[in-house]
Amino acid sequence: MNRSEDDVDVAEAVHRTAEDIGSMEIRGAATIAAAAAKALGEQAAASEAESPEEFRAELRAAARVLYDTRPTAVSLPNALRYVFRDVEGETVERLRASVRASVSEFCRRLDTAQKDLGRVGANRLRDGDTLLTHCHSTDVLACVETAVEQGKSLSAYVKETRPRNQGHITAEALTELGVDVTLIVDSAARRYLNEVDHVLVGADSIAADGSVINKIGTSGLAVNARDRGTPIVCAAQTIKLHPDTLTGQTVDIEMRDEREVISESEEREIGEITVLNPAFDVTPPRYVDAIVTERGQFPPESIVTLMRELFGESTSEPWTET
Ligand code: RUB
């Protein structure tokens, strides 16, 4: 156990997960959500709390450590909220068991949601279609996997997705599914859009107005796709819906280290420059044809109805309560 800022015991496993999320060893919104929930389970298992109050304080401290890792994917706070919502018990043992149950129920639902979403997304894809992808999204892959299982033959242009080349992960996953993959540099996307039937992207957050927050480069791709008349679809489980945007808050865009873009020696050679490395951008709803969720397909402008149904008007942050 390690002492957190509030002098409460936080399990080593939680710190390890937080480090892995921060360094992107664990990445992608759905994967981050599952890892964060499991880390709360590990916190509960490792707890040596002597009272329910102490146990709850530790759980809140662990959630704060996880919450502070990456700011843009709302799946992370949504996962923490889900686990906290169902934590009940008058003894430490009961609390521990209820965290464990809540974590496994959350992970089960995440899995089911992705499979259900995959079936909805696959309905859009026809035999012989060509896709274009950006970054690496397990929600997008779920759509492709179901389509392939239905016997559809697909090919894909895969953008490499600078600076961290998550496109390589997508290229490998699609190849394993039997999709015919062509890897392209990000700036080549427009050139090939005429040959593409669907642009398929994931999301880290969806705002109440239907804006899609996803890997940097998504918005430029969407504008180009609209210009070329290529439909752009966002595959996003409802855990990507950002409840705070219902009350006017905006989504924080993560700025990452400049060393992901350029090495120190390369920069020195160029001279005095500023390097900016935003990890995500915002695609306005008018450039998105549909948001595919496990609850069906929605025009982006109508996603707010689903958001209200799922979250109500506002949400709590149980890890900030004292
Ligand atoms: C990943 C990214 C993905 C979404 C959706 O960014 O932008 O498109 O997270 O992924 P990073 P999924 O690599 O910076 O985490 O569909 O797997 O939730």
# chains A, B, ... in the order shown; residues from 1 in each chain; ligands from 1
$ residues_near_ligand --ligand "ligand 1" --cutoff "10 Å" --atoms "only C-alpha atoms and all ligand atoms" --output "compact mmCIF listing (two decimals) with N, CA and C atoms, in the first residue's frame"
# COMPACT_ATOMS: atom_id res chain seq x y z
N ILE A 21 -2.01 3.59 -17.64
CA ILE A 21 -2.95 4.41 -18.41
C ILE A 21 -2.25 5.70 -18.83
N GLY A 22 -1.52 6.32 -17.90
CA GLY A 22 -0.83 7.59 -18.21
C GLY A 22 0.20 7.42 -19.32
N SER A 23 0.90 6.26 -19.31
CA SER A 23 1.95 6.04 -20.32
C SER A 23 1.38 5.43 -21.60
N MET A 24 0.08 5.15 -21.61
CA MET A 24 -0.64 4.57 -22.74
C MET A 24 -0.27 3.11 -23.00
N GLU A 25 0.29 2.48 -21.98
CA GLU A 25 0.46 1.02 -22.03
C GLU A 25 -0.95 0.40 -22.10
N ILE A 26 -1.84 1.00 -21.31
CA ILE A 26 -3.27 0.69 -21.41
C ILE A 26 -3.90 1.90 -22.08
N ARG A 27 -4.57 1.69 -23.23
CA ARG A 27 -5.11 2.85 -23.94
C ARG A 27 -6.38 2.47 -24.71
N GLY A 28 -7.07 3.52 -25.21
CA GLY A 28 -8.35 3.28 -25.86
C GLY A 28 -9.44 3.35 -24.79
N ALA A 29 -10.51 4.09 -25.09
CA ALA A 29 -11.48 4.44 -24.06
C ALA A 29 -12.11 3.23 -23.35
N ALA A 30 -12.52 2.21 -24.11
CA ALA A 30 -13.18 1.07 -23.48
C ALA A 30 -12.19 0.28 -22.61
N THR A 31 -10.98 0.13 -23.11
CA THR A 31 -9.96 -0.63 -22.37
C THR A 31 -9.57 0.10 -21.08
N ILE A 32 -9.49 1.43 -21.17
CA ILE A 32 -9.18 2.24 -19.98
C ILE A 32 -10.29 2.05 -18.93
N ALA A 33 -11.54 2.06 -19.39
CA ALA A 33 -12.67 1.92 -18.47
C ALA A 33 -12.60 0.58 -17.73
N ALA A 34 -12.36 -0.49 -18.47
CA ALA A 34 -12.29 -1.82 -17.84
C ALA A 34 -11.13 -1.88 -16.85
N ARG A 70 -5.78 10.47 -17.37
CA ARG A 70 -6.01 11.03 -18.71
C ARG A 70 -7.37 11.73 -18.68
N THR A 72 -9.52 13.00 -21.24
CA THR A 72 -10.50 13.16 -22.33
C THR A 72 -11.53 12.02 -22.41
N ALA A 73 -11.10 10.80 -22.16
CA ALA A 73 -12.03 9.67 -22.30
C ALA A 73 -12.96 9.62 -21.09
N VAL A 74 -14.23 9.93 -21.30
CA VAL A 74 -15.21 9.96 -20.20
C VAL A 74 -15.55 8.56 -19.72
N SER A 75 -15.17 7.55 -20.50
CA SER A 75 -15.40 6.17 -20.07
C SER A 75 -14.72 5.91 -18.73
N GLN A 114 -20.38 -3.95 -26.20
CA GLN A 114 -19.56 -3.91 -27.41
C GLN A 114 -20.05 -4.92 -28.45
N THR A 133 -10.24 3.79 -41.66
CA THR A 133 -10.22 3.90 -40.20
C THR A 133 -9.17 4.90 -39.74
N HIS A 134 -9.40 5.40 -38.52
CA HIS A 134 -8.44 6.31 -37.89
C HIS A 134 -8.19 5.81 -36.47
N CYS A 135 -6.95 5.79 -36.05
CA CYS A 135 -6.56 5.33 -34.71
C CYS A 135 -6.91 3.85 -34.52
N HIS A 136 -7.11 3.45 -33.27
CA HIS A 136 -7.46 2.06 -32.98
C HIS A 136 -8.63 2.09 -32.01
N SER A 137 -9.76 1.57 -32.46
CA SER A 137 -10.97 1.56 -31.63
C SER A 137 -11.53 0.15 -31.56
N THR A 138 -11.69 -0.35 -30.34
CA THR A 138 -12.26 -1.70 -30.20
C THR A 138 -13.74 -1.69 -30.56
N ASP A 139 -14.42 -0.54 -30.40
CA ASP A 139 -15.83 -0.47 -30.82
C ASP A 139 -15.94 -0.58 -32.35
N VAL A 140 -15.03 0.05 -33.07
CA VAL A 140 -15.02 -0.07 -34.53
C VAL A 140 -14.73 -1.52 -34.92
N LEU A 141 -13.74 -2.09 -34.28
CA LEU A 141 -13.36 -3.48 -34.62
C LEU A 141 -14.51 -4.45 -34.36
N ALA A 142 -15.33 -4.15 -33.33
CA ALA A 142 -16.48 -5.03 -33.04
C ALA A 142 -17.45 -5.04 -34.23
N THR A 161 -2.01 7.22 -38.11
CA THR A 161 -2.36 7.95 -36.89
C THR A 161 -1.13 8.38 -36.08
N PRO A 163 0.91 10.89 -33.63
CA PRO A 163 2.32 10.51 -33.57
C PRO A 163 2.56 9.09 -33.03
N ARG A 164 1.54 8.39 -32.53
CA ARG A 164 1.83 7.12 -31.85
C ARG A 164 1.47 5.90 -32.68
N ASN A 165 1.01 6.15 -33.91
CA ASN A 165 0.80 5.05 -34.86
C ASN A 165 -0.14 3.94 -34.36
N GLN A 166 -1.23 4.34 -33.70
CA GLN A 166 -2.20 3.31 -33.29
C GLN A 166 -2.82 2.61 -34.49
N GLY A 167 -2.68 3.23 -35.69
CA GLY A 167 -3.17 2.59 -36.92
C GLY A 167 -2.51 1.24 -37.15
N LEU A 200 -15.03 4.88 -40.61
CA LEU A 200 -15.45 4.35 -39.30
C LEU A 200 -14.46 4.81 -38.23
N VAL A 201 -14.96 5.56 -37.25
CA VAL A 201 -14.09 6.00 -36.15
C VAL A 201 -14.73 5.67 -34.81
N GLY A 202 -13.92 5.67 -33.77
CA GLY A 202 -14.43 5.46 -32.42
C GLY A 202 -14.64 6.81 -31.74
N ALA A 203 -14.75 6.79 -30.42
CA ALA A 203 -14.88 8.04 -29.66
C ALA A 203 -14.33 7.86 -28.25
N ASP A 204 -13.76 8.93 -27.75
CA ASP A 204 -13.37 8.97 -26.33
C ASP A 204 -14.47 9.59 -25.50
N SER A 205 -15.19 10.51 -26.11
CA SER A 205 -16.34 11.14 -25.47
C SER A 205 -17.29 11.61 -26.56
N ILE A 213 -15.65 13.45 -29.79
CA ILE A 213 -14.28 13.75 -29.36
C ILE A 213 -13.49 12.46 -29.54
N ASN A 214 -12.53 12.51 -30.43
CA ASN A 214 -11.76 11.30 -30.75
C ASN A 214 -10.33 11.71 -31.11
N LYS A 215 -9.51 10.73 -31.41
CA LYS A 215 -8.09 10.95 -31.70
C LYS A 215 -7.87 12.11 -32.66
N ILE A 216 -6.86 12.89 -32.38
CA ILE A 216 -6.53 14.06 -33.21
C ILE A 216 -6.45 13.63 -34.69
N GLY A 217 -7.10 14.42 -35.53
CA GLY A 217 -7.15 14.10 -36.95
C GLY A 217 -8.52 13.63 -37.38
N THR A 218 -9.37 13.28 -36.41
CA THR A 218 -10.72 12.80 -36.77
C THR A 218 -11.52 13.92 -37.42
N CYS A 234 -19.55 6.96 -36.33
CA CYS A 234 -18.80 6.84 -35.08
C CYS A 234 -19.37 5.66 -34.28
N ALA A 235 -18.53 4.71 -33.94
CA ALA A 235 -18.95 3.57 -33.12
C ALA A 235 -18.57 3.87 -31.68
N ALA A 236 -19.57 4.00 -30.82
CA ALA A 236 -19.28 4.41 -29.44
C ALA A 236 -20.32 3.84 -28.48
N GLN A 237 -19.89 2.99 -27.57
CA GLN A 237 -20.80 2.50 -26.53
C GLN A 237 -21.30 3.69 -25.71
N ILE A 239 -21.12 4.26 -22.77
CA ILE A 239 -20.17 4.68 -21.73
C ILE A 239 -19.31 5.87 -22.20
N LYS A 240 -19.37 6.15 -23.51
CA LYS A 240 -18.63 7.30 -24.06
C LYS A 240 -19.45 8.59 -23.99
N GLU A 254 -6.65 16.46 -23.97
CA GLU A 254 -5.34 16.13 -23.41
C GLU A 254 -4.21 16.65 -24.31
N ARG A 256 -0.25 16.13 -24.91
CA ARG A 256 0.76 15.16 -24.51
C ARG A 256 2.17 15.70 -24.77
N PRO A 278 -1.63 17.94 -29.19
CA PRO A 278 -2.97 17.60 -28.67
C PRO A 278 -3.33 16.18 -29.06
N ALA A 279 -3.88 15.40 -28.12
CA ALA A 279 -4.16 13.99 -28.42
C ALA A 279 -5.52 13.78 -29.07
N PHE A 280 -6.42 14.75 -28.92
CA PHE A 280 -7.80 14.55 -29.41
C PHE A 280 -8.32 15.82 -30.08
N ASP A 281 -9.39 15.68 -30.84
CA ASP A 281 -10.07 16.87 -31.35
C ASP A 281 -11.58 16.66 -31.35
$ residues_around --residues "Arg124 of chain A" --least-positions-apart "2" --cutoff "9 Å" --atoms "only C-alpha atoms" --output "list in words"
Val120, Gly121, Ala122, Arg126, Cys143, Ala147 and His198 of chain A
$ residues_around --residues "Glu149 of chain A" --least-positions-apart "3" --cutoff "12 Å" --atoms "only C-alpha atoms" --output "list in words"
Gly118, Arg119, Ala122, Asn123, Leu125, Asp127, Ala142, Cys143, Val144, Glu145, Thr146, Lys152, Ser153, Leu154, Leu177, Gly178 and Val179 of chain A
$ write_last_selection --atoms "N, CA, C and O atoms" --output "PDB file, in the first residue's frame"
ATOM      1  N   GLY A 118     -21.578  -3.963 -32.011  1.00  0.00           N
ATOM      2  CA  GLY A 118     -20.989  -4.588 -33.202  1.00  0.00           C
ATOM      3  C   GLY A 118     -22.060  -5.044 -34.176  1.00  0.00           C
ATOM      4  O   GLY A 118     -21.932  -4.876 -35.393  1.00  0.00           O
ATOM      5  N   ARG A 119     -23.154  -5.591 -33.628  1.00  0.00           N
ATOM      6  CA  ARG A 119     -24.243  -6.075 -34.502  1.00  0.00           C
ATOM      7  C   ARG A 119     -24.926  -4.900 -35.204  1.00  0.00           C
ATOM      8  O   ARG A 119     -25.265  -4.988 -36.382  1.00  0.00           O
ATOM      9  N   ALA A 122     -22.501  -3.542 -37.856  1.00  0.00           N
ATOM     10  CA  ALA A 122     -22.317  -4.484 -38.975  1.00  0.00           C
ATOM     11  C   ALA A 122     -23.452  -4.369 -39.987  1.00  0.00           C
ATOM     12  O   ALA A 122     -23.253  -4.621 -41.184  1.00  0.00           O
ATOM     13  N   ASN A 123     -24.647  -3.983 -39.518  1.00  0.00           N
ATOM     14  CA  ASN A 123     -25.786  -3.836 -40.440  1.00  0.00           C
ATOM     15  C   ASN A 123     -25.515  -2.791 -41.518  1.00  0.00           C
ATOM     16  O   ASN A 123     -26.116  -2.814 -42.585  1.00  0.00           O
ATOM     17  N   LEU A 125     -22.654  -2.313 -42.957  1.00  0.00           N
ATOM     18  CA  LEU A 125     -21.586  -2.749 -43.865  1.00  0.00           C
ATOM     19  C   LEU A 125     -22.098  -3.832 -44.822  1.00  0.00           C
ATOM     20  O   LEU A 125     -22.759  -4.770 -44.388  1.00  0.00           O
ATOM     21  N   ASP A 127     -21.340  -6.623 -48.145  1.00  0.00           N
ATOM     22  CA  ASP A 127     -20.284  -7.465 -48.708  1.00  0.00           C
ATOM     23  C   ASP A 127     -19.540  -6.672 -49.789  1.00  0.00           C
ATOM     24  O   ASP A 127     -20.171  -6.041 -50.637  1.00  0.00           O
ATOM     25  N   ALA A 142     -15.326  -4.153 -33.333  1.00  0.00           N
ATOM     26  CA  ALA A 142     -16.476  -5.026 -33.043  1.00  0.00           C
ATOM     27  C   ALA A 142     -17.450  -5.042 -34.225  1.00  0.00           C
ATOM     28  O   ALA A 142     -18.016  -6.084 -34.561  1.00  0.00           O
ATOM     29  N   CYS A 143     -17.652  -3.879 -34.860  1.00  0.00           N
ATOM     30  CA  CYS A 143     -18.551  -3.800 -36.030  1.00  0.00           C
ATOM     31  C   CYS A 143     -17.986  -4.639 -37.180  1.00  0.00           C
ATOM     32  O   CYS A 143     -18.704  -5.396 -37.839  1.00  0.00           O
ATOM     33  N   VAL A 144     -16.687  -4.486 -37.406  1.00  0.00           N
ATOM     34  CA  VAL A 144     -16.045  -5.200 -38.516  1.00  0.00           C
ATOM     35  C   VAL A 144     -16.076  -6.706 -38.243  1.00  0.00           C
ATOM     36  O   VAL A 144     -16.397  -7.508 -39.125  1.00  0.00           O
ATOM     37  N   GLU A 145     -15.774  -7.080 -36.995  1.00  0.00           N
ATOM     38  CA  GLU A 145     -15.739  -8.504 -36.647  1.00  0.00           C
ATOM     39  C   GLU A 145     -17.100  -9.158 -36.898  1.00  0.00           C
ATOM     40  O   GLU A 145     -17.180 -10.244 -37.495  1.00  0.00           O
ATOM     41  N   THR A 146     -18.179  -8.480 -36.482  1.00  0.00           N
ATOM     42  CA  THR A 146     -19.507  -9.057 -36.699  1.00  0.00           C
ATOM     43  C   THR A 146     -19.810  -9.166 -38.187  1.00  0.00           C
ATOM     44  O   THR A 146     -20.352 -10.184 -38.648  1.00  0.00           O
ATOM     45  N   LYS A 152     -19.337 -11.279 -44.685  1.00  0.00           N
ATOM     46  CA  LYS A 152     -19.051 -10.169 -45.594  1.00  0.00           C
ATOM     47  C   LYS A 152     -17.544 -10.034 -45.793  1.00  0.00           C
ATOM     48  O   LYS A 152     -16.777 -10.141 -44.834  1.00  0.00           O
ATOM     49  N   SER A 153     -17.175  -9.773 -47.009  1.00  0.00           N
ATOM     50  CA  SER A 153     -15.755  -9.590 -47.314  1.00  0.00           C
ATOM     51  C   SER A 153     -15.485  -8.084 -47.370  1.00  0.00           C
ATOM     52  O   SER A 153     -16.172  -7.346 -48.081  1.00  0.00           O
ATOM     53  N   LEU A 154     -14.489  -7.603 -46.607  1.00  0.00           N
ATOM     54  CA  LEU A 154     -14.246  -6.157 -46.498  1.00  0.00           C
ATOM     55  C   LEU A 154     -12.792  -5.836 -46.786  1.00  0.00           C
ATOM     56  O   LEU A 154     -11.907  -6.668 -46.563  1.00  0.00           O
ATOM     57  N   LEU A 177      -8.587 -10.465 -38.853  1.00  0.00           N
ATOM     58  CA  LEU A 177     -10.004 -10.755 -39.145  1.00  0.00           C
ATOM     59  C   LEU A 177     -10.219 -11.142 -40.611  1.00  0.00           C
ATOM     60  O   LEU A 177     -11.334 -11.448 -41.022  1.00  0.00           O
ATOM     61  N   GLY A 178      -9.155 -11.049 -41.399  1.00  0.00           N
ATOM     62  CA  GLY A 178      -9.269 -11.410 -42.812  1.00  0.00           C
ATOM     63  C   GLY A 178      -9.634 -10.235 -43.706  1.00  0.00           C
ATOM     64  O   GLY A 178     -10.032 -10.425 -44.866  1.00  0.00           O
ATOM     65  N   VAL A 179      -9.514  -9.012 -43.173  1.00  0.00           N
ATOM     66  CA  VAL A 179      -9.795  -7.809 -43.977  1.00  0.00           C
ATOM     67  C   VAL A 179      -8.532  -7.468 -44.770  1.00  0.00           C
ATOM     68  O   VAL A 179      -7.417  -7.571 -44.259  1.00  0.00           O
TER      69      VAL A 179
END
$ select_by_dssp --residues "segment 108-259 of chain A" --states "helix (DSSP H, G or I)" --output "number ranges by chain"
A: 108-124, 138-149, 166-176, 186-195, 218-228, 238-240, 243-247, 258-259
$ residues_around --residues "Ile273 of chain A" --least-positions-apart "6" --cutoff "12 Å" --atoms "only C-alpha atoms" --output "list of chain:residue names"
A:Glu258, A:Ile262, A:Glu264, A:Glu266, A:Glu267
$ write_last_selection --atoms "C-alpha atoms" --output "PDB file, in the first residue's frame"
ATOM      1  CA  GLU A 258       6.282  17.000 -27.334  1.00  0.00           C
ATOM      2  CA  ILE A 262       9.995  15.086 -32.223  1.00  0.00           C
ATOM      3  CA  GLU A 264      15.307  16.348 -28.489  1.00  0.00           C
ATOM      4  CA  GLU A 266      15.892  16.804 -34.000  1.00  0.00           C
ATOM      5  CA  GLU A 267      14.343  19.760 -32.238  1.00  0.00           C
TER       6      GLU A 267
END
$ residues_around --residues "Val223 of chain A" --least-positions-apart "6" --cutoff "12 Å" --atoms "only C-alpha atoms" --output "ChimeraX atom specification"
/A:189-190,193,199,217,229-232,282-289
$ write_last_selection --atoms "N, CA, C and O atoms" --output "mmCIF file, in the first residue's frame"
data_model
loop_
_atom_site.group_PDB
_atom_site.id
_atom_site.type_symbol
_atom_site.label_atom_id
_atom_site.label_comp_id
_atom_site.auth_asym_id
_atom_site.auth_seq_id
_atom_site.Cartn_x
_atom_site.Cartn_y
_atom_site.Cartn_z
ATOM 1 N N ALA A 189 -5.283 10.480 -46.649
ATOM 2 C CA ALA A 189 -6.680 10.020 -46.526
ATOM 3 C C ALA A 189 -7.576 10.606 -47.618
ATOM 4 O O ALA A 189 -8.343 9.890 -48.262
ATOM 5 N N ARG A 190 -7.469 11.912 -47.862
ATOM 6 C CA ARG A 190 -8.375 12.548 -48.829
ATOM 7 C C ARG A 190 -8.249 11.919 -50.217
ATOM 8 O O ARG A 190 -9.220 11.744 -50.925
ATOM 9 N N LEU A 193 -10.444 8.794 -50.376
ATOM 10 C CA LEU A 193 -11.840 8.814 -49.904
ATOM 11 C C LEU A 193 -12.857 8.429 -50.975
ATOM 12 O O LEU A 193 -13.907 7.870 -50.660
ATOM 13 N N VAL A 199 -16.355 5.817 -43.612
ATOM 14 C CA VAL A 199 -15.291 6.134 -42.664
ATOM 15 C C VAL A 199 -15.813 5.692 -41.305
ATOM 16 O O VAL A 199 -16.926 6.050 -40.906
ATOM 17 N N GLY A 217 -7.101 14.420 -35.525
ATOM 18 C CA GLY A 217 -7.149 14.100 -36.954
ATOM 19 C C GLY A 217 -8.523 13.627 -37.383
ATOM 20 O O GLY A 217 -8.835 13.605 -38.578
ATOM 21 N N GLY A 229 -18.516 13.244 -49.880
ATOM 22 C CA GLY A 229 -19.789 12.510 -49.827
ATOM 23 C C GLY A 229 -19.639 11.104 -49.275
ATOM 24 O O GLY A 229 -20.492 10.245 -49.514
ATOM 25 N N THR A 230 -18.582 10.862 -48.532
ATOM 26 C CA THR A 230 -18.390 9.531 -47.926
ATOM 27 C C THR A 230 -18.993 9.534 -46.521
ATOM 28 O O THR A 230 -18.633 10.380 -45.704
ATOM 29 N N PRO A 231 -19.896 8.614 -46.213
ATOM 30 C CA PRO A 231 -20.510 8.606 -44.885
ATOM 31 C C PRO A 231 -19.489 8.362 -43.776
ATOM 32 O O PRO A 231 -18.595 7.516 -43.935
ATOM 33 N N ILE A 232 -19.631 9.101 -42.689
ATOM 34 C CA ILE A 232 -18.734 8.891 -41.542
ATOM 35 C C ILE A 232 -19.557 8.482 -40.327
ATOM 36 O O ILE A 232 -20.506 9.156 -39.938
ATOM 37 N N VAL A 282 -12.301 17.720 -31.686
ATOM 38 C CA VAL A 282 -13.765 17.697 -31.598
ATOM 39 C C VAL A 282 -14.343 17.792 -33.008
ATOM 40 O O VAL A 282 -14.050 18.737 -33.735
ATOM 41 N N THR A 283 -15.149 16.811 -33.375
ATOM 42 C CA THR A 283 -15.822 16.834 -34.680
ATOM 43 C C THR A 283 -17.267 17.279 -34.469
ATOM 44 O O THR A 283 -18.029 16.593 -33.775
ATOM 45 N N PRO A 284 -17.663 18.424 -35.041
ATOM 46 C CA PRO A 284 -19.035 18.881 -34.850
ATOM 47 C C PRO A 284 -20.040 17.898 -35.451
ATOM 48 O O PRO A 284 -19.733 17.217 -36.434
ATOM 49 N N PRO A 285 -21.250 17.838 -34.881
ATOM 50 C CA PRO A 285 -22.232 16.821 -35.311
ATOM 51 C C PRO A 285 -22.579 16.889 -36.792
ATOM 52 O O PRO A 285 -22.925 15.875 -37.386
ATOM 53 N N ARG A 286 -22.472 18.081 -37.397
ATOM 54 C CA ARG A 286 -22.887 18.167 -38.815
ATOM 55 C C ARG A 286 -21.988 17.369 -39.753
ATOM 56 O O ARG A 286 -22.337 17.130 -40.901
ATOM 57 N N TYR A 287 -20.823 16.952 -39.268
ATOM 58 C CA TYR A 287 -19.923 16.149 -40.111
ATOM 59 C C TYR A 287 -20.036 14.653 -39.835
ATOM 60 O O TYR A 287 -19.261 13.861 -40.371
ATOM 61 N N VAL A 288 -20.953 14.282 -38.951
ATOM 62 C CA VAL A 288 -21.071 12.867 -38.571
ATOM 63 C C VAL A 288 -22.428 12.344 -39.032
ATOM 64 O O VAL A 288 -23.456 12.964 -38.759
ATOM 65 N N ASP A 289 -22.451 11.232 -39.737
ATOM 66 C CA ASP A 289 -23.720 10.696 -40.240
ATOM 67 C C ASP A 289 -24.484 9.933 -39.177
ATOM 68 O O ASP A 289 -25.711 10.005 -39.135
#
$ closest_residue --among "A:Asp68, A:Asp244, A:Asp116, A:Asp129" --to "Val292 of chain A" --atoms "only C-alpha atoms"
A:Asp116
$ select_by_dssp --residues "segment 68-303 of chain A" --states "strand (DSSP E)" --output "ChimeraX atom specification"
/A:130-133,155-159,180-184,198-201,205-206,212-215,232-235,280-283,290-293,296-298
$ residues_around --residues "Leu246 of chain A" --least-positions-apart "4" --cutoff "12 Å" --atoms "only C-alpha atoms" --output "ChimeraX atom specification"
/A:206-210,241-242,250-251,303-315
$ closest_residue --among "A:Leu132, A:Val92, A:Ala171, A:Val83" --to "Glu105 of chain A" --atoms "only C-alpha atoms"
A:Val83
$ atom_distance --atom1 "atom CA of His168 of chain A" --atom2 "atom CA of Tyr192 of chain A"
18.2 Å
$ residues_around --residues "Asp180 of chain A" --least-positions-apart "2" --cutoff "8 Å" --atoms "only C-alpha atoms" --output "MDAnalysis selection string"
chainID A and resid 154:156 174:175 178 182
